[in-house]
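Here's my_file04.cif, which has mmCIF, C-alpha atoms:
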```cif
data_model
#
loop_
_atom_site.label_atom_id
_atom_site.label_comp_id
_atom_site.auth_asym_id
_atom_site.auth_seq_id
_atom_site.Cartn_x
_atom_site.Cartn_y
_atom_site.Cartn_z
CA MET A 2 0.00 0.00 0.00
CA ASN A 3 3.05 2.27 -0.05
CA THR A 4 3.07 2.07 -3.85
CA VAL A 5 -0.50 3.21 -4.43
CA SER A 6 -0.83 5.11 -7.68
CA ALA A 7 -3.27 7.97 -8.14
CA LEU A 8 -5.53 5.63 -10.11
CA GLY A 9 -5.43 2.93 -7.43
CA THR A 10 -6.32 5.24 -4.56
CA ASP A 11 -10.07 4.56 -4.62
CA VAL A 12 -9.65 0.79 -4.79
CA SER A 13 -7.12 0.92 -1.96
CA SER A 14 -9.32 2.96 0.35
CA GLN A 15 -12.24 0.65 -0.42
CA SER A 16 -10.13 -2.38 0.44
CA ARG A 17 -8.94 -0.60 3.61
CA SER A 18 -12.55 -0.06 4.74
CA MET A 19 -13.39 -3.70 3.97
CA GLN A 20 -10.47 -4.96 6.03
CA LEU A 21 -11.29 -2.65 8.95
CA ALA A 22 -14.96 -3.71 8.84
CA LEU A 23 -13.89 -7.37 8.78
CA ALA A 24 -11.68 -6.86 11.86
CA ALA A 25 -14.50 -5.10 13.74
CA LEU A 26 -17.00 -7.84 12.81
CA LEU A 27 -14.60 -10.54 14.00
CA GLY A 28 -14.29 -8.71 17.33
CA LEU A 29 -18.06 -8.33 17.67
CA PHE A 30 -18.60 -12.01 16.87
CA VAL A 31 -16.14 -13.15 19.55
CA VAL A 32 -17.57 -10.76 22.18
CA GLY A 33 -21.08 -11.94 21.30
CA PHE A 34 -20.08 -15.59 21.61
CA LEU A 35 -18.32 -15.11 24.98
CA GLY A 36 -20.96 -12.86 26.49
CA PHE A 37 -24.24 -13.92 24.90
CA SER A 38 -24.04 -17.56 23.81
CA HIS A 39 -26.89 -19.60 25.35
CA MET A 40 -24.82 -22.81 25.25
CA ASP A 41 -24.50 -24.11 28.82
CA VAL A 42 -20.85 -25.04 28.39
CA VAL A 43 -19.90 -21.53 27.25
CA HIS A 44 -22.04 -20.03 30.03
CA ASN A 45 -20.39 -22.17 32.71
CA ALA A 46 -16.83 -21.66 31.48
CA ALA A 47 -17.21 -17.88 31.18
CA HIS A 48 -19.59 -17.50 34.17
CA ASP A 49 -17.42 -15.29 36.41
CA TYR A 50 -16.24 -13.32 33.39
CA ARG A 51 -19.83 -12.60 32.31
CA HIS A 52 -20.84 -11.41 35.78
CA SER A 53 -17.69 -9.32 36.09
CA MET A 54 -18.28 -7.69 32.68
CA ALA A 55 -21.94 -6.98 33.57
CA PHE A 56 -23.27 -8.99 30.65
CA PRO A 57 -26.88 -10.08 31.14
CA CYS A 58 -26.47 -13.55 32.68
CA HIS A 59 -28.89 -16.29 33.92
CA MET B 293 -4.86 -7.94 3.75
CA SER B 294 -1.97 -6.08 5.38
CA ILE B 295 -4.28 -3.64 7.18
CA PHE B 296 -6.38 -6.47 8.62
CA ARG B 297 -3.21 -8.21 9.78
CA ASN B 298 -1.87 -5.03 11.41
CA VAL B 299 -5.18 -4.42 13.22
CA VAL B 300 -5.05 -8.00 14.53
CA PHE B 301 -1.47 -7.49 15.76
CA ILE B 302 -2.31 -4.25 17.58
CA ALA B 303 -5.49 -5.80 19.06
CA ALA B 304 -3.60 -8.94 20.13
CA ILE B 305 -0.88 -7.02 21.99
CA SER B 306 -3.20 -4.53 23.69
CA GLY B 307 -5.94 -7.12 24.34
CA LEU B 308 -3.52 -9.63 25.85
CA LEU B 309 -2.12 -7.05 28.23
CA ALA B 310 -5.48 -5.50 29.18
CA GLY B 311 -7.03 -8.99 29.54
CA VAL B 312 -4.28 -10.13 31.93
CA VAL B 313 -4.70 -6.94 33.97
CA LEU B 314 -8.49 -7.43 34.07
CA ALA B 315 -8.21 -11.08 35.11
CA ALA B 316 -5.89 -10.08 37.96
CA LEU B 317 -8.21 -7.26 39.08
CA GLN B 318 -11.29 -9.51 38.93
CA THR B 319 -9.62 -12.19 41.05
CA TYR B 320 -9.09 -9.59 43.73
CA ALA B 321 -12.18 -7.38 43.33
CA THR B 322 -15.19 -9.14 41.74
CA VAL B 323 -14.83 -12.94 41.98
CA PRO B 324 -14.82 -13.03 45.83
CA LEU B 325 -18.17 -11.16 45.73
CA ILE B 326 -19.57 -13.64 43.15
CA LEU B 327 -18.51 -16.57 45.36
CA LYS B 328 -20.11 -14.90 48.39
CA ALA B 329 -23.34 -14.38 46.44
CA GLU B 330 -23.33 -18.06 45.46
CA THR B 331 -23.50 -19.00 49.15
CA TYR B 332 -26.83 -17.08 49.33
CA GLU B 333 -27.91 -18.69 46.05
CA ASN B 334 -27.26 -22.19 47.41
CA ALA B 335 -28.86 -21.40 50.79
CA GLY B 336 -32.02 -20.27 49.03
CA GLY B 337 -32.28 -23.56 47.10
CA GLY B 338 -31.08 -22.16 43.81
CA HIS B 339 -32.79 -19.68 41.53
CA GLU B 340 -34.25 -20.73 38.18
CA HIS B 341 -33.14 -24.32 38.72
CA ALA B 342 -35.81 -24.62 41.42
CA ALA B 343 -38.56 -24.28 38.78
CA ALA B 344 -38.49 -27.93 37.66
CA PRO B 345 -39.60 -29.71 40.89
CA VAL B 346 -42.26 -27.04 41.54
CA ALA B 347 -43.72 -27.56 38.07
CA GLY B 348 -43.66 -31.34 38.65
CA THR B 349 -45.87 -31.16 41.74
CA GLU B 350 -48.43 -28.95 40.05
CA ALA B 351 -48.76 -31.03 36.89
CA THR B 352 -52.53 -31.46 36.82
CA ALA B 353 -53.86 -29.28 33.97
CA PRO B 354 -52.89 -30.37 30.43
CA ALA B 355 -51.20 -27.03 29.80
CA ALA B 356 -49.14 -27.40 32.94
CA GLY B 357 -48.28 -30.96 31.89
CA ALA B 358 -46.77 -29.72 28.64
CA GLU B 359 -44.66 -27.26 30.58
CA THR B 360 -43.54 -30.01 32.90
CA THR B 361 -42.21 -32.22 30.11
CA ALA B 362 -40.32 -29.23 28.75
CA ALA B 363 -38.90 -28.49 32.18
CA GLN B 364 -38.00 -32.14 32.77
CA THR B 365 -36.16 -32.47 29.48
CA ALA B 366 -34.36 -29.19 30.12
CA ALA B 367 -33.39 -29.93 33.70
CA PRO B 368 -31.13 -32.99 33.18
CA ALA B 369 -29.27 -31.20 30.36
CA GLU B 370 -28.55 -28.35 32.74
CA GLU B 371 -27.24 -30.71 35.39
CA GLU B 372 -25.06 -32.62 32.97
CA ALA B 373 -23.54 -29.56 31.30
CA TRP B 374 -19.84 -29.37 31.90
CA ALA B 375 -18.58 -26.67 34.25
CA PRO B 376 -15.03 -25.97 35.38
CA ALA B 377 -14.17 -27.24 38.87
CA ASP B 378 -13.91 -24.55 41.55
CA GLY B 379 -10.43 -23.23 42.19
CA ALA B 380 -7.62 -23.22 39.67
CA GLU B 381 -9.69 -24.57 36.75
CA ARG B 382 -12.46 -22.01 37.23
CA PHE B 383 -9.85 -19.23 37.46
CA ALA B 384 -8.09 -20.48 34.32
CA TYR B 385 -11.29 -20.36 32.24
CA SER B 386 -12.17 -16.90 33.57
CA ALA B 387 -8.68 -15.66 32.74
CA LEU B 388 -8.88 -17.20 29.26
CA ALA B 389 -12.28 -15.56 28.66
CA ASN B 390 -10.85 -12.22 29.78
CA ILE B 391 -7.86 -12.43 27.45
CA VAL B 392 -9.92 -13.57 24.44
CA SER B 393 -12.47 -10.83 25.09
CA GLY B 394 -9.67 -8.30 25.57
CA ILE B 395 -8.39 -9.12 22.09
CA ALA B 396 -11.93 -9.03 20.67
CA PHE B 397 -12.69 -5.63 22.24
CA GLY B 398 -9.26 -4.57 20.96
CA LEU B 399 -10.26 -5.55 17.41
CA ILE B 400 -13.39 -3.40 17.68
CA LEU B 401 -11.56 -0.44 19.24
CA VAL B 402 -8.64 -0.47 16.78
CA ALA B 403 -10.81 -1.01 13.69
CA VAL B 404 -13.23 1.79 14.62
CA SER B 405 -10.38 4.17 15.53
CA GLU B 406 -8.72 3.47 12.15
CA PHE B 407 -11.88 4.70 10.42
CA ALA B 408 -11.30 7.96 12.34
CA GLY B 409 -7.63 8.16 11.25
CA GLY B 410 -5.98 5.96 13.87
CA ILE B 411 -4.81 6.50 17.47
CA ALA B 412 -1.61 8.59 17.38
CA ASN B 413 -0.24 7.96 20.88
CA TRP B 414 -1.03 6.49 24.29
CA ARG B 415 -2.79 9.65 25.53
CA GLN B 416 -5.26 9.61 22.64
CA GLY B 417 -5.62 5.91 23.38
CA VAL B 418 -6.77 6.69 26.93
CA PHE B 419 -9.61 8.79 25.51
CA TRP B 420 -10.56 6.00 23.10
CA GLY B 421 -10.56 3.74 26.15
CA PHE B 422 -12.94 6.11 27.95
CA ALA B 423 -15.25 5.92 24.93
CA GLY B 424 -15.16 2.10 24.99
CA PHE B 425 -15.90 2.16 28.74
CA ALA B 426 -18.84 4.53 28.21
CA VAL B 427 -20.26 2.39 25.39
CA PHE B 428 -19.78 -1.12 26.79
CA THR B 429 -19.91 -0.63 30.58
CA LEU B 430 -21.39 2.69 31.64
CA ALA B 431 -24.39 3.01 29.30
CA PRO B 432 -25.73 -0.59 29.56
CA GLY B 433 -24.83 -0.64 33.29
CA LEU B 434 -27.14 2.30 34.05
CA GLY B 435 -30.23 0.33 33.03
CA LEU B 436 -28.91 -3.14 33.83
CA PRO B 437 -26.52 -2.83 36.78
CA PRO B 438 -24.00 -5.68 37.11
CA GLU B 439 -25.86 -8.68 38.57
CA LEU B 440 -24.74 -11.18 41.14
CA PRO B 441 -25.90 -14.82 41.01
CA ALA B 442 -29.34 -15.33 42.67
CA MET B 443 -30.47 -11.79 41.91
CA PRO B 444 -33.90 -11.38 40.27
CA ALA B 445 -33.83 -10.28 36.65
CA ALA B 446 -36.14 -9.90 33.68
CA ASP B 447 -36.19 -12.31 30.71
CA LEU B 448 -32.63 -12.99 29.53
CA GLY B 449 -33.38 -12.48 25.82
CA ALA B 450 -35.07 -9.11 26.43
CA ARG B 451 -32.12 -7.92 28.52
CA GLN B 452 -29.63 -9.04 25.88
CA ILE B 453 -31.55 -7.11 23.20
CA TRP B 454 -31.72 -3.96 25.35
CA TRP B 455 -28.01 -4.28 26.17
CA THR B 456 -27.08 -4.60 22.49
CA LEU B 457 -29.30 -1.73 21.30
CA THR B 458 -27.96 0.52 24.09
CA VAL B 459 -24.36 -0.22 23.10
CA VAL B 460 -25.09 0.50 19.42
CA ALA B 461 -27.03 3.73 20.17
CA THR B 462 -24.37 5.02 22.59
CA ALA B 463 -21.53 4.28 20.15
CA ALA B 464 -23.39 5.99 17.30
CA GLY B 465 -24.25 8.97 19.52
CA LEU B 466 -20.66 9.45 20.67
CA ALA B 467 -19.37 9.15 17.09
CA LEU B 468 -21.82 11.81 15.87
CA ILE B 469 -20.73 14.19 18.64
CA ALA B 470 -17.00 13.55 18.25
CA PHE B 471 -16.55 13.35 14.49
CA LYS B 472 -19.33 15.33 12.79
CA GLN B 473 -18.74 19.01 13.32
CA SER B 474 -22.42 19.88 13.15
CA LEU B 475 -24.75 21.08 15.89
CA PRO B 476 -27.89 19.22 14.69
CA LEU B 477 -25.93 15.96 14.44
CA ALA B 478 -24.44 16.53 17.91
CA ILE B 479 -27.97 17.00 19.27
CA LEU B 480 -29.04 13.81 17.49
CA GLY B 481 -26.05 12.13 19.16
CA VAL B 482 -27.23 13.18 22.61
CA VAL B 483 -30.75 11.96 21.78
CA LEU B 484 -29.34 8.57 20.72
CA ILE B 485 -27.40 8.26 23.98
CA VAL B 486 -30.42 9.23 26.12
CA ALA B 487 -33.11 7.27 24.20
CA PRO B 488 -32.41 3.73 25.56
CA HIS B 489 -32.81 5.04 29.12
CA ILE B 490 -36.14 6.70 28.33
CA VAL B 491 -37.35 3.41 26.85
CA GLY B 492 -35.94 1.75 29.96
CA ALA B 493 -34.23 -1.61 30.51
CA PRO B 494 -36.33 -4.73 31.11
CA GLN B 495 -36.79 -5.04 34.88
CA PRO B 496 -37.81 -8.04 37.01
CA GLU B 497 -41.34 -8.14 38.43
CA SER B 498 -39.91 -7.81 41.92
CA HIS B 499 -36.52 -6.59 43.08
CA GLU B 500 -36.76 -8.69 46.24
CA SER B 501 -33.43 -10.47 46.45
CA PRO B 502 -31.62 -12.83 48.82
CA ILE B 503 -28.45 -10.80 48.12
CA PRO B 504 -27.77 -8.03 50.70
CA ALA B 505 -27.88 -4.56 49.16
CA ASP B 506 -24.39 -3.62 50.35
CA LEU B 507 -22.91 -6.75 48.73
CA HIS B 508 -24.55 -5.80 45.44
CA HIS B 509 -23.40 -2.20 45.76
CA SER B 510 -19.80 -3.30 46.31
CA PHE B 511 -20.10 -5.51 43.23
CA VAL B 512 -21.42 -2.68 41.02
CA VAL B 513 -18.52 -0.45 42.08
CA ALA B 514 -15.96 -3.25 41.61
CA VAL B 515 -17.24 -4.16 38.12
CA THR B 516 -17.38 -0.53 36.98
CA ILE B 517 -13.89 0.35 38.20
CA THR B 518 -12.22 -2.86 36.95
CA ASN B 519 -13.78 -2.29 33.52
CA LEU B 520 -12.61 1.33 33.51
CA VAL B 521 -9.02 0.20 34.16
CA PHE B 522 -9.37 -2.48 31.45
CA TRP B 523 -10.52 0.03 28.81
CA VAL B 524 -7.88 2.63 29.70
CA VAL B 525 -5.11 0.00 29.49
CA LEU B 526 -6.54 -1.37 26.22
CA GLY B 527 -6.72 2.07 24.60
CA ALA B 528 -3.37 3.31 25.90
CA VAL B 529 -1.45 0.21 24.77
CA ALA B 530 -3.20 0.23 21.38
CA GLY B 531 -2.24 3.90 20.95
CA TYR B 532 1.33 3.23 22.08
CA VAL B 533 1.99 0.41 19.57
CA ARG B 534 -0.24 1.64 16.72
CA ASN B 535 2.34 3.67 14.77
CA ARG B 536 4.82 0.79 14.91
CA PHE B 537 2.50 -1.34 12.76
CA MET B 538 0.63 1.05 10.50
CA SER B 539 2.53 2.54 7.57
CA GLU B 540 0.33 5.64 7.55
CA PRO B 541 0.99 7.59 10.77
CA ALA B 542 -2.09 8.73 12.63
CA PRO B 543 -2.49 12.51 12.61
CA SER B 544 -1.29 14.06 15.82
CA LEU B 545 -4.03 16.35 17.01
CA ASN B 546 -1.95 18.47 19.42
CA GLY B 547 -4.30 17.94 22.32
CA ARG B 548 -7.51 18.23 20.31
CA LEU B 549 -9.72 15.15 20.25
CA ALA B 550 -11.31 15.65 16.86
#
```
Please rewrite the model in this file as structure tokens.
Amino acid sequence: MNTVSALGTDVSSQSRSMQLALAALLGLFVVGFLGFSHMDVVHNAAHDYRHSMAFPCH
Amino acid sequence: MSIFRNVVFIAAISGLLAGVVLAALQTYATVPLILKAETYENAGGGHEHAAAPVAGTEATAPAAGAETTAAQTAAPAEEEAWAPADGAERFAYSALANIVSGIAFGLILVAVSEFAGGIANWRQGVFWGFAGFAVFTLAPGLGLPPELPAMPAADLGARQIWWTLTVVATAAGLALIAFKQSLPLAILGVVLIVAPHIVGAPQPESHESPIPADLHHSFVVAVTITNLVFWVVLGAVAGYVRNRFMSEPAPSLNGRLA
């Protein structure tokens, strides 16, 4: 991305937004799984974490 | 995918560090209160787990019978579900959850801040951390204060929806105020931040609880403060390492936030 030409600028900024959005979505997915999953095993393993992060629990 | 990779690196370093700090703080500040609350939970014969035997004794009407079979099939699954043993194993899973969630919150924080030009240094990172704290702890915690085991609460699904919508509205509101230099949009931002609390969080039918009020109060303070430290560490470390990974330096704002 250091060699972006004037023509490639739009494509590069579009790809940059896509990559940033992908990273944010990955983060949201993991937080959602840890904090919100209704699976008992996930709930039990992350029980103290969920209470300590003030996620709705039980 | 070099930008994605760099965001993951920054999130991994800051999330690992902040997650370790949070796990240590929780061990000292919040987990002892959870364990204490569980002694009240067990003394009171459990909370929602107690529903199954009660339903079994009242299984006379056909409608109640249908509920009983549902409760009976659900109950054994709940008993059999694996849970970490108390002590070192329970601590290890809590610590792991903290570190993984630290990295995940780091991904969100770094990705969003890159849309705004990137965090230039650790001091800017502290302010990004404050924003994360406001969005993920403060705003949802006003309507749904941190709960201890055995405390009464409204339907789980409804609370999870309110929590999520509050986080989204608060984040959008803060972004409008911080990044759009427009008075109407700033007012809209304030409205977005206030709206979830006018709607109100789902509340239990009764707040009567076996947990003493002072124990709950200590827990609310402990959760809020440990999360504040977590977010400040996460933001500061992300800001400190950010320019070592990104080829485009973040604009230094000379003390201005936006």
Using all atoms listed in the file, which protein or nucleic acid residues come within 8 Å of stretch 43-59 of chain A? Drop anything in the same chain fewer than 2 positions from it, and give the result as an NGL selection string. (:A and (35-41)) or (:B and (318 or 322-323 or 326 or 374-376 or 382 or 385-387 or 389-390 or 429 or 433 or 436-441 or 448 or 451-452 or 455 or 515 or 519))
For atom CA of B:Ala408 and atom CA of B:Val392, the interatomic separation in Å (one decimal):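 Going from atom CA of B:Ala408 over to atom CA of B:Val392, I get 24.7 Å.
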Which polymer residues have any atom within 9 Å of an atom of B:Val529, counting all atoms listed in the file, with same-chain residues fewer than 2 positions away left out, as a PyMOL selection string? chain B and resi 302+305-307+309-310+413-414+417-418+524-527+531-534
Can I get the selected residues back with C-alpha atoms, as a PDB file, keeping the file's coordinate frame?
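The file below, result-v8.pdb, is the result:
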```pdb
ATOM      1  CA  ILE B 302      -2.310  -4.250  17.580  1.00  0.00           C
ATOM      2  CA  ILE B 305      -0.880  -7.020  21.990  1.00  0.00           C
ATOM      3  CA  SER B 306      -3.200  -4.530  23.690  1.00  0.00           C
ATOM      4  CA  GLY B 307      -5.940  -7.120  24.340  1.00  0.00           C
ATOM      5  CA  LEU B 309      -2.120  -7.050  28.230  1.00  0.00           C
ATOM      6  CA  ALA B 310      -5.480  -5.500  29.180  1.00  0.00           C
ATOM      7  CA  ASN B 413      -0.240   7.960  20.880  1.00  0.00           C
ATOM      8  CA  TRP B 414      -1.030   6.490  24.290  1.00  0.00           C
ATOM      9  CA  GLY B 417      -5.620   5.910  23.380  1.00  0.00           C
ATOM     10  CA  VAL B 418      -6.770   6.690  26.930  1.00  0.00           C
ATOM     11  CA  VAL B 524      -7.880   2.630  29.700  1.00  0.00           C
ATOM     12  CA  VAL B 525      -5.110   0.000  29.490  1.00  0.00           C
ATOM     13  CA  LEU B 526      -6.540  -1.370  26.220  1.00  0.00           C
ATOM     14  CA  GLY B 527      -6.720   2.070  24.600  1.00  0.00           C
ATOM     15  CA  GLY B 531      -2.240   3.900  20.950  1.00  0.00           C
ATOM     16  CA  TYR B 532       1.330   3.230  22.080  1.00  0.00           C
ATOM     17  CA  VAL B 533       1.990   0.410  19.570  1.00  0.00           C
ATOM     18  CA  ARG B 534      -0.240   1.640  16.720  1.00  0.00           C
TER      19      ARG B 534
END
```
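In this comparison, which uses only C-alpha atoms, the residue of A:Met19, A:Val42, A:Gly33, A:Ser14 approaching chain B most closely is A:Val42.
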How far is it from atom CA of B:Ile400 to atom CA of B:Val299, in Å with one decimal?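 About the pair atom CA of B:Ile400 and atom CA of B:Val299: they are 9.4 Å apart.
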Fewer than 4 positions away in the same chain doesn't count, so skip those; otherwise give me all residues within 7 Å of B:Ile469, counting all atoms listed in the file, as a VMD selection string. chain B and resid 465 477 to 478 481
Give me, please, the distance in Å between atom CA of B:Gly492 and atom CA of B:Leu457, quoted to one decimal.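 Computing the Euclidean distance for atom CA of B:Gly492 and atom CA of B:Leu457 yields 11.5 Å.
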Here is a test: counting only C-alpha atoms, which residue of B:Val491, B:Ile295, B:Ile411, B:Leu430 is nearest to A:Ser16?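 Closest residue, counting only C-alpha atoms: B:Ile295.
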Pick from B:Ile490, B:Leu308, B:Ile517, B:Ala464 nearest to chain A, counting all atoms listed in the file: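 The closest residue to chain A is B:Ile517.
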Chain and number of each residue from the PyMOL selection byres ((chain A and resi 25) around 6), as number ranges by chain: A: 22-24, 26-28; B: 399-400, 403
What do you get, as JSON, numbers by chain, if you spell out every residue that the PyMOL selection byres ((chain B and resi 470) around 12) selects here? {"B": [405, 408, 419, 420, 423, 463, 464, 465, 466, 467, 468, 469, 471, 472, 473, 474, 475, 477, 478, 479, 481, 482, 548, 549, 550]}
With distances taken over only C-alpha atoms, which residue among B:Ser510, B:Asn535, B:Ser393, B:Thr462 lies nearest chain A?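 Going through B:Ser510, B:Asn535, B:Ser393, B:Thr462 one by one, the smallest distance to chain A is for B:Ser393.
Considering all atoms listed in the file, the residue among B:Pro432, B:Pro543, B:Gly394, B:Gly410 positioned nearest to B:Ile453 is B:Pro432.
Nearest-residue note for chain A: choosing from B:Ala412, B:Met538, B:Leu484, B:Leu507, the minimum distance belongs to B:Met538, counting all atoms listed in the file.
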So that all listed atoms of stretch 404-414 of chain B fit with 5 Å spare on each side, what axis-aligned box centre and edge lengths in Å, to one decimal, would you give as lines of an AutoDock Vina configuration file?
```
center_x = -6.7
center_y = 5.2
center_z = 17.4
size_x = 23.0
size_y = 16.8
size_z = 23.9
```
